[in-house]
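Listing of target.cif, mmCIF, C-alpha atoms
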data_structure
loop_
_atom_site.label_atom_id
_atom_site.label_comp_id
_atom_site.auth_asym_id
_atom_site.auth_seq_id
_atom_site.Cartn_x
_atom_site.Cartn_y
_atom_site.Cartn_z
CA MET A 1 -38.69 77.64 21.41
CA LYS A 2 -38.25 80.57 23.78
CA LYS A 3 -35.76 78.59 25.85
CA SER A 4 -33.66 77.78 22.76
CA LEU A 5 -33.69 81.45 21.65
CA TYR A 6 -32.63 82.49 25.14
CA ILE A 7 -29.69 80.08 25.11
CA ILE A 8 -28.56 81.37 21.66
CA LEU A 9 -28.71 85.00 22.86
CA VAL A 10 -26.69 84.13 25.99
CA CYS A 11 -24.04 82.40 23.86
CA ILE A 12 -23.82 85.42 21.57
CA ALA A 13 -23.47 87.74 24.54
CA VAL A 14 -20.73 85.57 26.07
CA PHE A 15 -18.91 85.46 22.73
CA PHE A 16 -18.90 89.24 22.27
CA THR A 17 -18.03 89.85 25.90
CA PHE A 18 -15.09 87.44 25.81
CA TYR A 19 -13.62 88.60 22.52
CA GLY A 20 -14.45 92.25 23.17
CA VAL A 21 -12.53 92.17 26.43
CA ARG A 22 -9.61 90.43 24.68
CA TYR A 23 -9.64 93.10 21.94
CA LEU A 24 -9.83 96.01 24.38
CA GLY A 25 -7.12 94.48 26.54
CA ARG A 26 -4.81 93.78 23.62
CA PRO A 27 -1.60 95.81 24.05
CA ILE A 28 -0.87 98.56 21.52
CA LYS A 29 2.49 98.13 19.83
CA SER A 30 4.62 101.22 19.33
CA GLN A 31 8.22 102.26 18.77
CA PRO A 32 10.23 105.26 20.00
CA ALA A 33 10.34 108.27 17.70
CA VAL A 34 14.07 107.97 17.03
CA SER A 35 15.16 109.18 13.61
CA GLU A 36 17.72 107.47 11.38
CA VAL A 37 19.61 108.39 8.24
CA TYR A 38 19.19 106.05 5.28
CA GLU A 39 21.52 106.30 2.32
CA ASN A 40 21.01 104.87 -1.12
CA LYS A 41 24.63 104.26 -2.04
CA ILE A 42 26.94 102.24 -4.27
CA VAL A 43 30.10 100.76 -2.74
CA THR A 44 32.82 100.30 -5.34
CA THR A 45 36.38 101.26 -6.31
CA GLY A 46 37.61 103.94 -8.66
CA TYR A 47 40.36 106.21 -9.95
CA ILE A 48 41.08 109.80 -9.00
CA VAL A 49 41.66 111.61 -12.29
CA LYS A 50 43.27 115.04 -12.39
CA THR A 51 45.12 117.47 -14.61
CA GLU A 52 48.80 116.86 -13.79
CA GLN A 53 51.88 118.66 -15.05
CA VAL A 54 54.96 116.43 -14.78
CA TYR A 55 58.45 117.94 -14.52
CA ASN A 56 61.37 115.98 -15.97
CA ALA A 57 65.05 116.21 -15.12
CA THR A 58 67.21 118.17 -17.59
CA VAL A 59 70.34 116.69 -15.98
CA SER A 60 71.24 113.49 -14.13
CA GLY A 61 71.80 113.56 -10.37
CA LYS A 62 70.29 113.34 -6.91
CA VAL A 63 66.86 114.86 -6.31
CA TYR A 64 65.95 117.09 -3.40
CA HIS A 65 62.28 118.07 -2.88
CA TYR A 66 61.49 121.27 -1.01
CA LEU A 67 57.84 120.44 -0.35
CA GLN A 68 55.84 117.73 1.35
CA GLU A 69 53.30 115.61 -0.51
CA GLY A 70 50.02 117.50 -0.98
CA THR A 71 51.44 120.99 -0.32
CA LYS A 72 49.68 123.80 -2.17
CA VAL A 73 51.99 125.76 -4.46
CA LYS A 74 51.78 128.96 -6.46
CA LYS A 75 52.99 129.44 -10.01
CA ASN A 76 56.79 129.97 -10.22
CA SER A 77 57.39 128.33 -6.80
CA ILE A 78 60.55 126.25 -6.44
CA LEU A 79 59.66 122.56 -6.25
CA SER A 80 62.82 120.48 -6.43
CA THR A 81 66.53 120.57 -7.20
CA VAL A 82 68.70 118.05 -9.01
CA TYR A 83 72.30 118.05 -7.73
CA THR A 84 74.74 116.85 -10.37
CA GLY A 85 77.87 116.30 -8.26
CA ASP A 86 78.74 114.22 -5.23
CA VAL A 87 76.12 115.05 -2.61
CA SER A 88 75.83 113.51 0.84
CA GLU A 89 72.49 111.82 1.53
CA GLN A 90 72.85 113.04 5.12
CA THR A 91 73.10 116.66 3.96
CA LEU A 92 69.97 116.30 1.85
CA ALA A 93 68.18 114.70 4.80
CA GLU A 94 69.18 117.63 7.03
CA LEU A 95 67.94 120.08 4.42
CA ASN A 96 64.63 118.23 4.27
CA THR A 97 64.30 118.35 8.07
CA ILE A 98 65.00 122.09 8.14
CA ASN A 99 62.42 122.80 5.44
CA GLN A 100 59.82 120.74 7.30
CA LYS A 101 60.45 122.68 10.49
CA ILE A 102 60.26 126.02 8.67
CA ALA A 103 56.92 124.99 7.16
CA GLU A 104 55.61 123.88 10.57
CA LEU A 105 56.61 127.18 12.17
CA GLN A 106 55.09 129.23 9.35
CA ASN A 107 51.79 127.43 9.94
CA SER A 108 52.10 127.55 13.72
CA SER A 109 49.31 129.07 15.78
CA ASN A 110 51.87 130.38 18.29
CA SER A 111 52.95 133.26 16.07
CA SER A 112 51.60 135.85 18.51
CA TYR A 113 53.85 134.90 21.45
CA SER A 114 56.76 137.23 22.31
CA PHE A 115 59.25 136.94 25.11
CA GLY A 116 58.59 140.42 26.39
CA SER A 117 54.79 140.08 26.49
CA ASN A 118 54.38 136.95 28.60
CA SER A 119 57.58 135.23 29.70
CA GLN A 120 55.90 132.40 31.59
CA GLU A 121 53.76 131.54 28.59
CA ASN A 122 56.85 131.37 26.41
CA ILE A 123 58.74 129.28 28.96
CA ASP A 124 55.86 126.80 28.81
CA ILE A 125 56.11 126.72 25.02
CA ILE A 126 59.85 126.04 25.13
CA LYS A 127 59.38 123.35 27.81
CA ASN A 128 56.78 121.56 25.71
CA ASN A 129 59.00 121.77 22.63
CA ILE A 130 61.95 120.30 24.55
CA ILE A 131 59.78 117.40 25.77
CA LYS A 132 58.53 116.71 22.26
CA SER A 133 62.05 116.75 20.84
CA ALA A 134 63.32 114.48 23.63
CA ASN A 135 60.51 111.98 23.03
CA LYS A 136 61.48 111.83 19.35
CA ASN A 137 65.20 111.68 20.23
CA ASP A 138 65.59 114.85 18.16
CA LEU A 139 68.40 117.11 19.41
CA PHE A 140 68.38 119.31 16.32
CA ASP A 141 66.70 122.32 17.96
CA MET A 142 68.31 122.17 21.40
CA GLU A 143 70.69 125.05 20.63
CA SER A 144 67.74 127.14 19.51
CA TYR A 145 65.87 126.39 22.75
CA LYS A 146 68.97 127.40 24.73
CA ALA A 147 69.14 130.72 22.87
CA GLN A 148 65.45 131.33 23.57
CA ILE A 149 65.93 130.73 27.32
CA ASN A 150 68.89 133.15 27.32
CA SER A 151 66.64 135.72 25.64
CA ILE A 152 64.17 135.46 28.50
CA VAL A 153 66.95 135.88 31.06
CA THR A 154 68.44 138.95 29.32
CA GLY A 155 65.05 140.48 28.62
CA ASP A 156 65.41 140.52 24.82
CA VAL A 157 62.05 140.80 23.11
CA LYS A 158 61.83 138.29 20.28
CA ASP A 159 59.00 136.40 18.66
CA ILE A 160 59.54 132.66 19.14
CA ARG A 161 58.34 131.73 15.69
CA THR A 162 60.30 134.45 13.87
CA ASP A 163 63.44 133.73 15.86
CA ASN A 164 63.25 130.01 15.06
CA ILE A 165 62.62 130.61 11.36
CA GLU A 166 65.58 133.00 11.14
CA ASN A 167 67.87 130.43 12.79
CA LEU A 168 66.63 127.67 10.53
CA GLU A 169 67.00 129.78 7.39
CA ALA A 170 70.58 130.54 8.39
CA LYS A 171 71.33 126.83 8.85
CA LYS A 172 69.67 126.09 5.53
CA GLN A 173 71.83 128.63 3.69
CA SER A 174 74.93 127.24 5.36
CA LEU A 175 74.09 123.70 4.27
CA GLU A 176 73.26 124.74 0.72
CA SER A 177 76.53 126.68 0.38
CA SER A 178 78.44 123.62 1.63
CA LEU A 179 77.21 121.54 -1.27
CA GLN A 180 80.12 121.42 -3.70
CA SER A 181 77.90 120.49 -6.58
CA GLY A 182 76.15 121.90 -9.59
CA LYS A 183 72.41 122.11 -9.28
CA ASN A 184 69.36 122.42 -11.49
CA ASP A 185 66.23 123.94 -9.91
CA VAL A 186 62.69 123.05 -10.95
CA TYR A 187 59.92 125.67 -10.68
CA SER A 188 56.18 125.24 -11.00
CA GLN A 189 54.57 126.50 -14.18
CA MET A 190 51.09 126.42 -12.67
CA SER A 191 49.47 126.68 -9.27
CA GLY A 192 48.06 123.57 -7.62
CA VAL A 193 49.16 120.75 -5.32
CA PHE A 194 52.68 119.31 -5.22
CA SER A 195 53.34 115.57 -5.55
CA LYS A 196 56.58 113.61 -5.82
CA ASN A 197 54.79 110.33 -6.57
CA ILE A 198 54.92 109.63 -10.31
CA ASP A 199 52.97 106.50 -11.37
CA GLY A 200 53.11 106.75 -15.17
CA LEU A 201 49.35 107.22 -15.53
CA GLU A 202 49.49 111.01 -15.75
CA GLU A 203 48.85 110.98 -19.50
CA THR A 204 46.52 107.96 -19.62
CA LEU A 205 44.25 109.20 -16.85
CA ASN A 206 43.54 112.78 -17.79
CA PRO A 207 40.13 114.49 -18.02
CA LYS A 208 40.11 114.75 -21.83
CA GLU A 209 40.68 111.01 -22.28
CA ILE A 210 38.33 109.53 -19.68
CA LEU A 211 35.18 111.29 -20.89
CA GLY A 212 34.95 108.70 -23.65
CA TYR A 213 36.14 105.57 -21.86
CA HIS A 214 34.35 102.24 -22.23
CA LEU A 215 34.66 99.21 -19.98
CA ALA A 216 37.45 97.61 -22.05
CA GLU A 217 39.61 100.73 -21.68
CA TYR A 218 38.81 100.95 -17.97
CA ASP A 219 39.76 97.31 -17.36
CA ALA A 220 42.99 97.76 -19.31
CA ILE A 221 44.40 100.25 -16.80
CA LYS A 222 47.35 98.86 -14.88
CA ILE A 223 48.53 100.66 -11.77
CA PRO A 224 52.30 100.63 -11.23
CA ASP A 225 53.82 101.50 -7.87
CA ALA A 226 54.26 105.24 -7.42
CA LYS A 227 57.66 105.87 -5.83
CA PRO A 228 59.48 109.15 -5.26
CA GLN A 229 62.70 109.45 -7.28
CA THR A 230 65.88 110.03 -5.25
CA THR A 231 68.28 109.66 -8.16
CA VAL A 232 67.31 110.47 -11.74
CA SER A 233 68.75 110.33 -15.21
CA GLU A 234 68.24 113.10 -17.71
CA GLY A 235 64.69 113.05 -19.06
CA GLU A 236 63.20 111.09 -16.16
CA PRO A 237 60.26 112.52 -14.16
CA ILE A 238 61.01 114.27 -10.87
CA CYS A 239 57.72 115.59 -9.53
CA LYS A 240 54.38 117.02 -10.62
CA VAL A 241 51.86 119.74 -9.85
CA ILE A 242 48.16 118.84 -9.81
CA ASN A 243 45.29 121.17 -10.66
CA ASN A 244 43.29 121.32 -7.43
CA GLN A 245 40.36 123.29 -8.83
CA THR A 246 38.72 120.53 -10.91
CA TRP A 247 39.23 116.78 -10.60
CA TYR A 248 37.28 113.60 -11.35
CA VAL A 249 36.35 110.21 -9.95
CA MET A 250 36.07 107.42 -12.53
CA THR A 251 34.54 104.08 -11.63
CA ALA A 252 32.82 101.07 -13.23
CA ILE A 253 29.52 99.96 -11.67
CA LYS A 254 27.01 97.25 -12.46
CA SER A 255 24.67 98.12 -15.31
CA ASP A 256 21.51 97.80 -13.19
CA SER A 257 22.93 100.43 -10.79
CA ALA A 258 24.16 102.63 -13.65
CA SER A 259 20.67 102.61 -15.16
CA LYS A 260 19.35 104.35 -12.05
CA ILE A 261 21.62 107.39 -12.35
CA HIS A 262 21.85 110.12 -14.98
CA THR A 263 24.24 112.81 -16.15
CA GLY A 264 23.83 116.00 -14.19
CA GLN A 265 22.89 114.08 -11.03
CA LYS A 266 24.51 115.29 -7.80
CA VAL A 267 26.27 112.66 -5.66
CA LYS A 268 28.32 112.60 -2.49
CA ILE A 269 31.62 110.69 -2.53
CA ARG A 270 33.51 109.09 0.36
CA PHE A 271 36.97 107.55 0.22
CA THR A 272 38.03 104.37 2.05
CA GLU A 273 41.56 105.65 2.59
CA LEU A 274 40.44 109.04 3.94
CA PRO A 275 37.92 108.52 6.78
CA GLY A 276 35.80 111.60 7.41
CA ILE A 277 36.50 113.19 4.02
CA GLU A 278 33.49 113.74 1.74
CA ALA A 279 33.29 115.44 -1.64
CA ASN A 280 30.32 116.63 -3.65
CA GLY A 281 30.26 115.95 -7.36
CA VAL A 282 28.09 115.82 -10.47
CA VAL A 283 27.79 112.83 -12.82
CA SER A 284 29.28 114.06 -16.10
CA TYR A 285 29.58 110.84 -18.13
CA ILE A 286 28.04 107.35 -18.31
CA SER A 287 29.33 104.98 -20.99
CA ALA A 288 26.82 103.52 -23.45
CA GLU A 289 25.50 99.98 -23.07
CA GLU A 290 27.87 97.44 -24.61
CA SER A 291 27.03 93.92 -25.74
CA GLY A 292 28.12 91.41 -23.11
CA ALA A 293 29.33 94.08 -20.67
CA GLU A 294 27.95 93.87 -17.15
CA LYS A 295 29.20 97.29 -16.10
CA ASN A 296 29.23 100.91 -17.23
CA VAL A 297 31.97 103.47 -16.76
CA VAL A 298 30.80 106.46 -14.73
CA VAL A 299 32.73 109.74 -14.35
CA ILE A 300 31.94 112.27 -11.62
CA LYS A 301 33.24 115.83 -11.74
CA CYS A 302 34.33 117.57 -8.51
CA GLU A 303 35.20 121.25 -8.17
CA LEU A 304 36.24 121.66 -4.55
CA TYR A 305 39.67 120.71 -3.18
CA LYS A 306 39.67 118.03 -0.47
CA GLU A 307 42.75 117.41 1.66
CA GLY A 308 44.54 114.21 0.70
CA VAL A 309 42.32 113.17 -2.21
CA LEU A 310 44.67 114.32 -4.97
CA SER A 311 47.46 112.14 -3.58
CA LEU A 312 45.31 109.07 -4.29
CA ARG A 313 45.14 107.24 -7.60
CA PHE A 314 43.03 104.12 -6.98
CA THR A 315 40.83 103.80 -3.92
CA GLY A 316 37.67 102.32 -2.45
CA ILE A 317 34.75 104.73 -2.72
CA GLU A 318 31.11 105.15 -1.73
CA LEU A 319 28.76 106.97 -4.08
CA VAL A 320 25.84 108.31 -2.04
CA LEU A 321 23.00 108.90 -4.51
CA GLU A 322 20.26 109.82 -2.03
CA SER A 323 20.06 110.45 1.68
CA TYR A 324 16.93 110.46 3.82
CA GLU A 325 16.53 111.36 7.49
CA GLY A 326 13.33 110.43 9.23
CA TYR A 327 11.43 107.70 11.11
CA ARG A 328 11.55 104.15 9.74
CA ILE A 329 8.26 102.31 10.39
CA PRO A 330 6.42 99.28 8.95
CA MET A 331 4.26 99.98 5.92
CA SER A 332 1.31 98.68 7.92
CA ALA A 333 1.65 101.63 10.32
CA ILE A 334 0.62 104.04 7.54
CA ARG A 335 -3.11 104.80 7.62
CA ASN A 336 -4.89 106.13 4.55
CA LYS A 337 -7.75 108.50 5.17
CA ASP A 338 -9.40 109.86 2.04
CA GLY A 339 -6.11 109.49 0.17
CA VAL A 340 -4.13 111.27 2.89
CA LYS A 341 -1.34 109.31 4.59
CA GLU A 342 -1.27 109.45 8.38
CA VAL A 343 0.42 107.82 11.37
CA MET A 344 -0.82 107.55 14.91
CA VAL A 345 1.54 109.02 17.50
CA ARG A 346 1.56 109.02 21.26
CA THR A 347 2.84 112.09 23.12
CA GLU A 348 2.57 113.53 26.61
CA SER A 349 -0.63 115.29 25.55
CA GLY A 350 -2.35 112.18 24.15
CA THR A 351 -2.65 109.84 21.15
CA PHE A 352 -3.70 111.23 17.79
CA LEU A 353 -3.28 110.98 14.03
CA ARG A 354 -0.78 113.14 12.13
CA LYS A 355 -0.42 113.67 8.39
CA CYS A 356 2.94 112.37 7.18
CA LYS A 357 5.16 112.38 4.10
CA ILE A 358 6.85 109.18 2.89
CA LEU A 359 10.46 109.84 1.84
CA TYR A 360 11.54 106.33 0.94
CA THR A 361 9.88 102.93 0.54
CA ASP A 362 11.90 99.75 1.15
CA ILE A 363 9.99 96.97 -0.57
CA ALA A 364 12.47 94.32 0.62
CA ASP A 365 11.72 94.68 4.34
CA GLN A 366 8.26 96.27 3.98
CA THR A 367 9.19 99.52 5.72
CA VAL A 368 9.00 103.21 4.88
CA ILE A 369 10.89 106.25 6.07
CA ILE A 370 8.62 109.17 6.88
CA SER A 371 9.78 112.75 7.21
CA LYS A 372 10.49 114.25 10.63
CA GLU A 373 8.49 117.24 9.43
CA PHE A 374 4.73 116.56 9.51
CA ASP A 375 2.10 118.31 7.41
CA ASP A 376 0.66 120.18 10.34
CA THR A 377 1.64 122.84 12.87
CA LYS A 378 2.48 120.58 15.83
CA GLY A 379 6.21 120.34 15.12
CA ILE A 380 8.54 117.32 15.11
CA LEU A 381 8.31 114.47 17.59
CA LYS A 382 10.51 114.25 20.67
CA GLU A 383 12.47 111.12 21.55
CA THR A 384 10.08 110.60 24.45
CA ASP A 385 7.21 110.33 21.95
CA SER A 386 6.34 107.13 20.09
CA ILE A 387 4.77 105.99 16.84
CA ILE A 388 2.03 103.36 17.06
CA ILE A 389 2.72 100.45 14.73
CA GLY A 390 0.28 97.87 16.08
CA GLU A 391 -3.44 98.03 16.86
CA LYS A 392 -5.43 101.10 15.92
#

Final structure tokens representation of the file:
Amino acid sequence: MKKSLYIILVCIAVFFTFYGVRYLGRPIKSQPAVSEVYENKIVTTGYIVKTEQVYNATVSGKVYHYLQEGTKVKKNSILSTVYTGDVSEQTLAELNTINQKIAELQNSSNSSYSFGSNSQENIDIIKNNIIKSANKNDLFDMESYKAQINSIVTGDVKDIRTDNIENLEAKKQSLESSLQSGKNDVYSQMSGVFSKNIDGLEETLNPKEILGYHLAEYDAIKIPDAKPQTTVSEGEPICKVINNQTWYVMTAIKSDSASKIHTGQKVKIRFTELPGIEANGVVSYISAEESGAEKNVVVIKCELYKEGVLSLRFTGIELVLESYEGYRIPMSAIRNKDGVKEVMVRTESGTFLRKCKILYTDIADQTVIISKEFDDTKGILKETDSIIIGEK
């Protein structure tokens, strides 16, 4: 009996020794403390809706636009001219080139350079301009460059930018006076952003109309090609000015996604055609549920001008509803101690538990994102630290 008991005790001892060593020797799994940004977003398409004032021709003729697409304008600024007589396309093209160059110089950062203050610096500017013009096979400004070089030689003190603008304005006046034609000027009646692309949806897609749209009305929108007019008949549209203070994004999204958002909710918007451009907006309208409809119309109001957006009509968009930055870890790595959530971390000073806050739970892949800020005074983790996700 004693011998049998002895054998049983030996077996038990061997068992615990074997499996205890295996347990103690089992490697601890961990992952680097590298944060990521997770976004809860909807990828879709939508319309840019804005308040647009269209200007129509009062006479028939050839159209000349003074401004580039997307240029900001003030009230009473000249926008376009309709020439009623025989006008050379080449002359209009030259006028357009001159206006572009004047605009470029007015926005130039080189406005502080003067020939008398730093001749070598100005020679470098002229040299670079000559190279740029030569690369584009543009000989238009060569006479101006020659005059600037002569100014350096003679010691005349002139500002490069001002001198160029004066020369260009003189050429512009000469060209305009050479036009043996009647003309009809168009001035802006409001401030905003200039556009020469008329698509026929200016009345259909306006803020007052869309804040009551349903899916049937959304699907009925047809987008014609927006082309600038070069020749117009009386009564036809020439150009437009867009209110750049308040504009809207209108889209149709699946009903299950629409049910997760609400009016007044803040969202971030990105545009497929404008990489790097983001706009903040507020959901101002969600259409009511309709029988048989799988989508809802959603309208988002934006109140900050974004370069290029107002020249769009229909575009791919991303609606970012929520954004979380933190550490993504398996749910199993969260330890509950008396109702308090904790994770075990390993740092240069040792391995210990830290209280954490869960920002987002992804049921699909059984992970959570925890905040980089822990509920203690030890600060955030460094990239050399790690989070233990395996054995305790």

### Task
For the structure shown, which residues end up in the PyMOL selection byres ((chain A and resi 184-199) around 9)? Put them as a VMD selection string, please?
chain A and resid 53 to 59 65 67 to 84 182 to 183 200 to 202 223 to 229 237 to 245 310 to 311 313

## Note on the structure
Nearest to A:Gln173, restricted to all atoms listed in the file and choosing among A:Glu234, A:Asp385, A:Asp124, A:Glu94, comes out as A:Glu94

### Task
Have a look at atom CA of A:Thr263 and atom CA of A:Glu278 and let me know their distance in Å, one decimal.
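Rounded to one decimal, the two atoms are 20.2 Å apart.
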
### Query
If the PyMOL selection byres ((chain A and resi 315) around 9) is run on the structure shown, which residues does it catch, given as a PyMOL selection string?
chain A and resi 44-48+271-273+312-314+316-317

Now that the selection is made, can you save its residues with C-alpha atoms as a CSV table (one decimal), in the coordinates of the input?
chain,number,residue,atom,x,y,z
A,44,THR,CA,32.8,100.3,-5.3
A,45,THR,CA,36.4,101.3,-6.3
A,46,GLY,CA,37.6,103.9,-8.7
A,47,TYR,CA,40.4,106.2,-10.0
A,48,ILE,CA,41.1,109.8,-9.0
A,271,PHE,CA,37.0,107.6,0.2
A,272,THR,CA,38.0,104.4,2.0
A,273,GLU,CA,41.6,105.6,2.6
A,312,LEU,CA,45.3,109.1,-4.3
A,313,ARG,CA,45.1,107.2,-7.6
A,314,PHE,CA,43.0,104.1,-7.0
A,316,GLY,CA,37.7,102.3,-2.4
A,317,ILE,CA,34.8,104.7,-2.7

### Task
Considering only C-alpha atoms, return as a VMD selection string whatever protein or nucleic-acid residues lie within 9 Å of A:Phe374, sequence-local ones (same chain, fewer than 3 positions apart) excluded.
chain A and resid 354 to 357 370 to 371 377 to 380

Please provide the set of residues having any atom within 8 Å of A:Ile42, restricted to only C-alpha atoms, with same-chain residues fewer than 3 positions apart removed, written as a tab-separated table (two decimals) with C-alpha atoms, in the coordinates of the input.
chain	number	residue	atom	x	y	z
A	257	SER	CA	22.93	100.43	-10.79
A	318	GLU	CA	31.11	105.15	-1.73
A	319	LEU	CA	28.76	106.97	-4.08
A	320	VAL	CA	25.84	108.31	-2.04
A	321	LEU	CA	23.00	108.90	-4.51

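Closest approach to A:Glu342 among A:Lys268, A:Asp256, A:Ile358, A:Ile98: A:Ile358, based on only C-alpha atoms.
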
### Task
Rank nothing, just name the residue among A:Ile253, A:Ile389, A:Ala288, A:Leu211 nearest to A:Val343, using all atoms listed in the file.
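Looking only at the distances to A:Val343, the closest residue turns out to be A:Ile389.
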
#### Entry: atom CA of A:Trp247 to atom CA of A:Tyr218, distance in Å rounded to a single decimal
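Result for atom CA of A:Trp247 versus atom CA of A:Tyr218: 17.5 Å, one decimal.
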
### Task
For atom CA of A:Val249 and atom CA of A:Ser284, determine how far apart the two atoms are, in Å to one decimal place.
10.1 Å

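Among the candidates A:Asn164, A:Ser259, A:Thr367, A:Thr347, the one nearest to A:Ala33 when counting all atoms listed in the file is A:Thr347.
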
### Query
Can you find the residues with an atom no farther than 6 Å from (30.6, 100.6, -15.6), counting only C-alpha atoms, and report them as a ChimeraX atom specification?
/A:252-254,295-298

Take every atom of stretch 47-66 of chain A listed in the file, fit an axis-aligned box around them, add 4 Å per side, and give the centre and edge lengths in Å to one decimal as JSON.
{"center_x": 56.1, "center_y": 113.7, "center_z": -9.3, "size_x": 39.4, "size_y": 23.1, "size_z": 24.6}

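Distances from A:Tyr327, A:Glu39, A:Val34, A:Glu236 to A:Lys62 were compared using all atoms listed in the file, and the smallest one belongs to A:Glu236.
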
### Query
Restricting the calculation to only C-alpha atoms, which member of A:Lys41, A:Lys132, A:His262, A:Lys172 is positioned closest to A:Ile102?
A:Lys172
